[in-house]
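Q: Handing you this structure, nothing more for now.
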Amino acid sequence: MKVQIVSFHCVLKNNLGQFISSSFNQDVITNPQPGVVSMLPGFADALKTLKKGEKREITLTADQAYGFYDPNLVVDIPRSKLSRGKQLKLGDAVQGKFLSDKSPRDYRVSSCSSKTVSLDGNHPLAGQDLVFNVEITSSREEFEPDDDSMPFLLAN
């Protein structure tokens, strides 16, 4: 099995053309093993065909990116129920199990008052169509052996 590894410059914007971020990503595997969390699948698929020097605009709809915004992932919590409740301010990150399903999740403080904070469990880019402008700086394929392709190992 071949594994593709790419390095690229990326400018991320929303579908209105508003700048979100820019980055340089080095030695990114575009086809990881099943069960391994990596980049957005649609974005990874679009990178697979690119070669060094190529530029491309890759657009992902909200459902292909971080999903639609879910208002059910916003909870209001009394500050007194949180260990750092008194110190929390708008934009702070909190980890916890605040929803009825009791699964751990990352939250952002989306609003606050003197007595309560609203914690938003949505990804910050949820609900947004995203546009990635990429320029590939290197692209290579490497052989990744699987158990069946290794008939013997060399020993010292």
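Ordering of the structure tokens sets the chain letters (A, B, ...), residue numbers begin anew at 1 in every chain, and ligands are numbered from 1 in the order given.
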Could you write out, as an MDAnalysis selection string, all the residues of chain A that DSSP marks as strand (DSSP E)?
A: chainID A and resid 2:14 19:29 55:60 74:78 93:96 105:112 116:120 130:143
Q: Considering only C-alpha atoms, return as an mmCIF file with C-alpha atoms, in the first residue's frame whatever protein or nucleic-acid residues lie within 12 Å of A:Gln26, sequence-local ones (same chain, fewer than 6 positions apart) excluded.
A:
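Done, and the output landed in part.cif:
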data_model
loop_
_atom_site.group_PDB
_atom_site.id
_atom_site.type_symbol
_atom_site.label_atom_id
_atom_site.label_comp_id
_atom_site.auth_asym_id
_atom_site.auth_seq_id
_atom_site.Cartn_x
_atom_site.Cartn_y
_atom_site.Cartn_z
ATOM 1 C CA ILE A 5 2.792 12.585 2.269
ATOM 2 C CA VAL A 6 2.381 16.258 1.365
ATOM 3 C CA SER A 7 3.565 19.616 2.650
ATOM 4 C CA PHE A 8 1.569 22.706 1.792
ATOM 5 C CA HIS A 9 0.773 26.328 2.500
ATOM 6 C CA CYS A 10 -2.896 26.877 3.275
ATOM 7 C CA GLU A 135 -0.110 25.392 -2.584
ATOM 8 C CA ILE A 136 1.752 22.108 -2.463
ATOM 9 C CA THR A 137 5.438 22.496 -1.552
ATOM 10 C CA SER A 138 6.222 18.770 -1.650
ATOM 11 C CA SER A 139 4.398 15.548 -2.408
ATOM 12 C CA ARG A 140 5.697 12.006 -2.260
#
Q: Excluding A:Asp45 and its own-chain neighbours fewer than 4 positions away, which residues fall within 8 Å of it when counting only C-alpha atoms? Please give them as a list in words.
A: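 Selected residues are Thr30, Asn31, Pro41 and Thr49 of chain A.
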Q: Suppose we keep C-alpha atoms; can you now write the selection as a CSV table (one decimal), in the first residue's frame?
A:
chain,number,residue,atom,x,y,z
A,30,THR,CA,-3.4,12.1,3.3
A,31,ASN,CA,-4.5,8.5,3.6
A,41,PRO,CA,-11.7,13.5,4.9
A,49,THR,CA,-4.1,14.2,-6.5
Q: Which one is closest to A:Leu47: A:Val117, A:Val75, A:Glu141, A:Val134? Count only C-alpha atoms.
A: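 Under the stated criterion, the closest residue is A:Val134.
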Q: Using DSSP secondary structure from the backbone, list all alpha helix (DSSP H) positions within chain A, as a PyMOL selection string.
A: chain A and resi 41-47
Q: Atom CA of A:Phe68 and atom CA of A:Ser113, how far apart in Å?
A: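 These atoms are spaced 26.7 Å apart.
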Q: What lies within 6 Å of stretch 98-108 of chain A using only C-alpha atoms, ignoring chain neighbours under 5 positions off, as a compact mmCIF listing (two decimals) with N, CA and C atoms, in the first residue's frame?
A:
# COMPACT_ATOMS: atom_id res chain seq x y z
N GLY A 91 -14.95 33.12 25.57
CA GLY A 91 -13.92 32.51 24.73
C GLY A 91 -13.08 31.46 25.43
N ASP A 92 -13.13 31.37 26.76
CA ASP A 92 -12.34 30.37 27.48
C ASP A 92 -12.77 28.95 27.09
N ALA A 93 -11.83 28.03 27.18
CA ALA A 93 -12.10 26.62 26.89
C ALA A 93 -12.37 25.86 28.18
N LEU A 119 -21.98 27.41 27.73
CA LEU A 119 -20.90 26.61 27.17
C LEU A 119 -21.37 26.03 25.84
N ASP A 120 -20.59 26.25 24.80
CA ASP A 120 -20.93 25.81 23.45
C ASP A 120 -20.04 24.64 23.07
N GLY A 121 -20.65 23.47 22.84
CA GLY A 121 -19.93 22.26 22.48
C GLY A 121 -19.73 22.07 20.99
Q: Suppose you want the space between atom CA of A:Gln64 and atom CA of A:Val131; what is it in Å?
A: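 If I compute the distance from atom CA of A:Gln64 to atom CA of A:Val131, I get 11.6 Å.
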Q: I need the residue nearest A:Thr61 from this list: A:Asn133, A:Ser23, A:Asn15, A:Ser114. Use only C-alpha atoms for the distance.
A: A:Asn15
